[in-house]
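The structure appears right after this line, and notes come after that.
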Amino acid sequence: MKSLSVTSLVLVAAVTADSVHLAARTNAGLFHGVQTLRQLLPFEVESDMNVRPATGWRIPALTIVDRPRYAWRGAMLDVARHFFTVDEVKQVIDIVALYKLNTLHLHLTDDQGWRIEIKSRPKLASVSGASQMGGGVGGFYTQDDFREIVRYAAERFVTIVPEIEMPGHSSSVVNAYPEVHCTTRPGGNPDSTFYGICPDSAESFRLVDDVVREVSALSPGPYIHIGADEVSVLPPEQFVRFVERAQDIVTKYNKRMIGWEEIFRARLLPTTLVQLWRTDSARGALSYGSKLIMSPAPKVYLDMKYTPNTELGLDWSGFVEPRTSYEWDPATYLPGVTDANIVGVEAPLWTETVRNVTAAEYMILPRLPAIAELAWTPPAARRWDDFRERIAEHAPRWRLMGINYYPSAQIRWR
């Protein structure tokens with residue numbers, strides 16, 4: 001599939017005394033080449049204050065032949081726990097595009113709120129769109145809002161991947177449509193509780209079908225993410241049946257399913273992607289021909305604190321400084337998993353402690369550029385000491401662009 005190809009490569013970026021020449025196989029490759037040239041220009045180029053010098057901008061004479069290591073180079077923004085407006089999502093897209101990432105995964109639903117209008121199930125937005133973590137008014141995207149996000153991202157060659165969390169993390173669904181909640185405890189275990197979408201209910205799958213149908217129509221990209229993580233209460237056979245039924249529904253609407261690593265227990269299609277986040281269980285999906293998105297929390301979770309003193313973030317997976325995000329290799333992270341099993345890398349930002357885009361930027365930068373370089377560049381061509389010198393030059397660029405960032409002590413800021 002084109003979305004999993006690395007043919008959007010910059011064949012040549014050549015700068016001579018009187019010209020700049022870019023050549024690529026695709027428009028996406030040209031766009032990424034322009035971002036490279038943009039970063040070669042002085043940071044003042046980002047100013048809207050007409051500061052262009054009389055002699056013009058200068059770029060060093062050079063020739064670059066380049067292409068990305070991984071086809072999937074992504075970030076994730078959790079808009080369910082705390083709602084982000086369309087304009088705030090666009091600001092995140094701008095950062096993603098600047099560093100030649102090509103995927104933004106939007107975690108649209110969770111226990112705390114539902115963020116997308118479903119016309120056939122209007123109470124999902126009207127009831128569960130009105131809440132968020134810690135209280136507040138919440139919010140949701142109308143279908144026109146979501147189309148605008150998709151359009152804006154596509155102009156920057158970023159694919160939006162919508163996630164509809166199921167069957168767990170689904171209190172927002174049950175609050176709006178209590179008929180999909182189990183009237184008896186799953187599996188007959190008197191000690192179990194499951195406040196999510198009932199895995200053996202015909203009405204549950206009618207709702208899932210409605211949601212997947214409408215979200216698929218709004219999403220020109222090839223993927224629908226179903227979540228399916230942290231469902232410990234359901235008996236394994238019920239969980240597996242649910243995942244396989246959800247996979248059938250996603251496939252019916254000509255999309256490819258993605259799920260968090262727990263879906264490895266189900267019989268997966270080879271087109272299904274499995275997103276590793278916590279353990280080595282994702283390897284179980286390889287027997288079906290499925291490939292992995294690498295998002296190990298100790299390396300790339302953007303909601304982890306940088307240090308014990310960081311004002312925002314969590315620490316259940318440790319502290320994640322930029323060097324931690326830069327100095328690991330997806331192809332050696334799990335025994336038995338190589339680049340042949342991996343489509344790429346994605347950095348999730350969960351928003352338990354993140355309430356607005358300024359806070360999101362603080363957690364994203366400078367870690368996301370480190371992860372972007374890891375996803376683009378093979379290990380032999382990456383050196384931390386070189387990266388930390390180069391990324392330090394981006395701080396004045398971020399300030400001119402009005403972007404917040406964390407001044408990590410690991411980087412020699414100018």
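Residue numbering restarts at 1 in every chain; chains get A, B, ... in the order shown in the structure tokens, and ligands count up from 1 in that same order.
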**Item:** Test item, strand (DSSP E) assignment across region 53-178 of chain A, answer as a PyMOL selection string
**Value:** chain A and resi 62-66+72-78+103-107+109-110+113-114+159-166
Give me, as JSON lines, the closest atom pair and its distance (Å, one decimal) for every residue of region 194-302 of chain A within a cut-off of 12 Å of region 351-366 of chain A, counting only C-alpha atoms, rows sorted by chain and rising number.
```
{"residue": "A:Val300", "atom": "CA", "partner": "A:Ile364", "partner_atom": "CA", "distance": 10.2}
{"residue": "A:Tyr301", "atom": "CA", "partner": "A:Met363", "partner_atom": "CA", "distance": 9.6}
{"residue": "A:Leu302", "atom": "CA", "partner": "A:Met363", "partner_atom": "CA", "distance": 5.8}
```
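Among the candidate residues A:Ala176, A:Thr332, A:Val274, A:Gln410, the one lying nearest to Val320 (chain A) is A:Gln410, with distances computed using only C-alpha atoms.
Counting from CA of Glu155 (chain A), the distance to CA of Tyr326 (chain A) is 28.0 Å.
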Please report, as a Markdown table, each residue of region 59-115 of chain A lying at most 7 Å from region 165-175 of chain A, together with the nearest pair of atoms and the separation in Å rounded to one decimal; use only C-alpha atoms, and order rows by chain and ascending residue number.
```
| residue | atom | partner | partner_atom | distance |
| --- | --- | --- | --- | --- |
| A:Thr109 | CA | A:Glu165 | CA | 5.7 |
| A:Asp110 | CA | A:His169 | CA | 5.0 |
| A:Asp111 | CA | A:Ser171 | CA | 4.4 |
| A:Gln112 | CA | A:Ser172 | CA | 6.4 |
| A:Gly113 | CA | A:Ser172 | CA | 5.5 |
| A:Trp114 | CA | A:Ser172 | CA | 6.0 |
```
**Message:** Counting only C-alpha atoms, which residue out of A:Ile149, A:Val15, A:Ala23, A:Val211 sits closest to Leu41 (chain A)?
**Reply:**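 Closest candidate: A:Val15.
Counting from CA of Ala14 (chain A), the distance to CA of Asp66 (chain A) is 11.4 Å.
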